[in-house]
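Written out below as structure tokens is the structure these notes cover.
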Amino acid sequence: MDRKKSQIHRKSYNEVGHVHELTFSCYNNIKFFKSDVYCQWFADSLSNACGSLKFSLWVYVFMPDHIHLIVHPEQSIYSISDFLKQVKQPFSRKVLSYLRSNSPEWLSRLKQIRGKTTEYHIWQRGGGYDRNVLDGETLLKMIDYIHLNPVRKEFVERVTDWKWSSAGWFEGIEPKTLRPDVISKNWMTM
């Protein structure tokens with residue numbers, strides 16, 4: 001089978017005014033985000049990408065083996081693919097560099113050989129899931145769904161108990177993690 005045809009890729013629609021609900025997973029469901037260090041590195045990468053590409057981060061939950069985000073592009077011309085690349089690549093480079101220096105035995109779990117090429121993956125291939133959100137009602141449902149993930153998995157009893165989540169910020173609690181941006185009021189009335 002042709003290699004390009006066998007690869008699964010997420011289709012993104014870069015539409016003016018849309019909000020994007022993004023979900024992407026760690027390679028082989030490895031639980032990188034059980035580590036606060038890795039969570040902070042990812043938060044830094046996410047913040048840098050939001051700042052440089054002019055995206056607002058409205059909602060997030062870092063689960064042990066995957067990430068949920070709701071982002072809003074602030075400019076009319078944007079690329080979700082470029083945004084994801086700027087979020088994922090610096091984090092991946094940092095993790096791989098750290099593992100090569102401190103835990104090289106881990107690299108075998110991330111290794112994939114394709115022909116004569118050896119690759120190391122942090123993220124599951126295919127890019128993840130990208131859902132365009134068009135109205136406030138759907139946005140509110142997505143926020144609840146994302147924030148409830150740690151409760152559904154029985155990691156915590158209340159959404160505000162999960163450290164790497166924007167849920168606390170929504171409840172007026174100021175956790176010492178990544179601060180989300182304020183959701184535009186016009187989205188909450190749509």
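By order of appearance in the structure tokens: chains A, B, ..., then residues from 1 within every chain, and ligands from 1 in the order shown.
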
Sort by chain and increasing residue number a table of all residues of stretch 51-114 of chain A within 10 Å of stretch 143-164 of chain A, each with its closest pair of atoms and their distance in Å to one decimal, counting only C-alpha atoms, and write it as a tab-separated table.
```
residue	atom	partner	partner_atom	distance
A:Trp58	CA	A:Ile143	CA	9.0
A:Val59	CA	A:Ile143	CA	6.8
A:Tyr60	CA	A:Ile146	CA	7.4
A:Val61	CA	A:Trp164	CA	5.8
A:Phe62	CA	A:Trp164	CA	5.5
A:Met63	CA	A:Pro150	CA	7.1
A:Pro64	CA	A:Pro150	CA	9.5
A:Ile67	CA	A:Ile146	CA	9.6
A:His68	CA	A:Ile146	CA	6.6
A:Leu69	CA	A:Ile146	CA	8.1
A:Ile70	CA	A:Ile143	CA	8.0
```

Can you list, as an MDAnalysis selection string, every residue of chain A that DSSP puts in helix (DSSP H, G or I)? chainID A and resid 3:6 27:29 32:34 36:53 80:102 104:110 136:152 159:161 167:170 185:188

Write out as a PyMOL selection string all residues of stretch 14-165 of chain A that backbone DSSP assigns to strand (DSSP E). chain A and resi 19-25+55-62+66-73+111-114+117-120+129-133

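Of the residues under consideration (A:Phe55, A:Tyr129, A:Phe83, A:Tyr38), A:Tyr38 shows the shortest atom-to-atom contact distance to A:Val95 when counting only C-alpha atoms.
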
With only C-alpha atoms as the counted atoms, please give the residues lying no more than 10 Å from A:Pro180, apart from itself and same-chain residues fewer than 2 positions off, as number ranges by chain. A: 47, 56-60, 70-71, 165-167, 169-170, 177-178, 182-183

Please save N, CA and C atoms of the selected residues as a PDB file, in the first residue's frame.
```
ATOM      1  N   SER A  47       1.742  28.114  25.704  1.00  0.00           N
ATOM      2  CA  SER A  47       1.707  29.574  25.904  1.00  0.00           C
ATOM      3  C   SER A  47       2.497  30.300  24.827  1.00  0.00           C
ATOM      4  N   SER A  56      -6.123  32.553  21.422  1.00  0.00           N
ATOM      5  CA  SER A  56      -6.560  32.592  22.819  1.00  0.00           C
ATOM      6  C   SER A  56      -6.787  31.151  23.275  1.00  0.00           C
ATOM      7  N   LEU A  57      -6.259  30.826  24.440  1.00  0.00           N
ATOM      8  CA  LEU A  57      -6.484  29.520  25.044  1.00  0.00           C
ATOM      9  C   LEU A  57      -7.662  29.670  25.992  1.00  0.00           C
ATOM     10  N   TRP A  58      -8.790  29.056  25.665  1.00  0.00           N
ATOM     11  CA  TRP A  58      -9.994  29.203  26.481  1.00  0.00           C
ATOM     12  C   TRP A  58     -10.166  28.078  27.486  1.00  0.00           C
ATOM     13  N   VAL A  59      -9.808  26.854  27.092  1.00  0.00           N
ATOM     14  CA  VAL A  59     -10.044  25.695  27.953  1.00  0.00           C
ATOM     15  C   VAL A  59      -8.915  24.700  27.728  1.00  0.00           C
ATOM     16  N   TYR A  60      -8.522  24.010  28.797  1.00  0.00           N
ATOM     17  CA  TYR A  60      -7.550  22.936  28.664  1.00  0.00           C
ATOM     18  C   TYR A  60      -7.726  21.916  29.773  1.00  0.00           C
ATOM     19  N   ILE A  70      -9.383  24.013  23.967  1.00  0.00           N
ATOM     20  CA  ILE A  70     -10.281  24.828  23.146  1.00  0.00           C
ATOM     21  C   ILE A  70      -9.544  26.140  22.934  1.00  0.00           C
ATOM     22  N   VAL A  71      -9.302  26.449  21.661  1.00  0.00           N
ATOM     23  CA  VAL A  71      -8.563  27.657  21.307  1.00  0.00           C
ATOM     24  C   VAL A  71      -9.370  28.487  20.321  1.00  0.00           C
ATOM     25  N   SER A 165      -5.852  21.675  34.630  1.00  0.00           N
ATOM     26  CA  SER A 165      -7.151  21.916  34.005  1.00  0.00           C
ATOM     27  C   SER A 165      -7.521  23.379  34.196  1.00  0.00           C
ATOM     28  N   SER A 166      -8.278  23.896  33.263  1.00  0.00           N
ATOM     29  CA  SER A 166      -8.790  25.273  33.395  1.00  0.00           C
ATOM     30  C   SER A 166     -10.048  25.316  34.250  1.00  0.00           C
ATOM     31  N   ALA A 167     -10.544  24.177  34.711  1.00  0.00           N
ATOM     32  CA  ALA A 167     -11.807  24.127  35.466  1.00  0.00           C
ATOM     33  C   ALA A 167     -11.767  25.008  36.712  1.00  0.00           C
ATOM     34  N   TRP A 169     -10.091  27.712  37.250  1.00  0.00           N
ATOM     35  CA  TRP A 169     -10.196  29.119  36.847  1.00  0.00           C
ATOM     36  C   TRP A 169     -11.655  29.487  36.566  1.00  0.00           C
ATOM     37  N   PHE A 170     -12.417  28.571  35.977  1.00  0.00           N
ATOM     38  CA  PHE A 170     -13.824  28.827  35.677  1.00  0.00           C
ATOM     39  C   PHE A 170     -14.646  28.969  36.958  1.00  0.00           C
ATOM     40  N   THR A 177      -1.295  26.979  37.935  1.00  0.00           N
ATOM     41  CA  THR A 177      -0.978  26.382  36.640  1.00  0.00           C
ATOM     42  C   THR A 177      -1.328  27.387  35.554  1.00  0.00           C
ATOM     43  N   LEU A 178      -1.423  26.919  34.358  1.00  0.00           N
ATOM     44  CA  LEU A 178      -1.662  27.739  33.178  1.00  0.00           C
ATOM     45  C   LEU A 178      -2.988  28.500  33.266  1.00  0.00           C
ATOM     46  N   VAL A 182      -9.751  34.823  28.817  1.00  0.00           N
ATOM     47  CA  VAL A 182     -11.184  35.044  29.033  1.00  0.00           C
ATOM     48  C   VAL A 182     -11.930  34.782  27.731  1.00  0.00           C
ATOM     49  N   ILE A 183     -13.002  34.035  27.819  1.00  0.00           N
ATOM     50  CA  ILE A 183     -13.833  33.750  26.645  1.00  0.00           C
ATOM     51  C   ILE A 183     -14.603  35.009  26.276  1.00  0.00           C
TER      52      ILE A 183
END
```

Given the choices A:His121, A:Lys111, A:Lys34, A:His20, which gets closest to A:Leu84 if the distance is worked out from only C-alpha atoms?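 Ranking A:His121, A:Lys111, A:Lys34, A:His20 by distance to A:Leu84, first place goes to A:His20.
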
For the atom pair atom CA of A:Asp135 and atom CA of A:Trp187, what is the interatomic distance in Å to one decimal place?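 Separation between atom CA of A:Asp135 and atom CA of A:Trp187: 6.8 Å.
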
Gap from atom CA of A:Ser92 to atom CA of A:Val133 - Å, one decimal: 27.6 Å
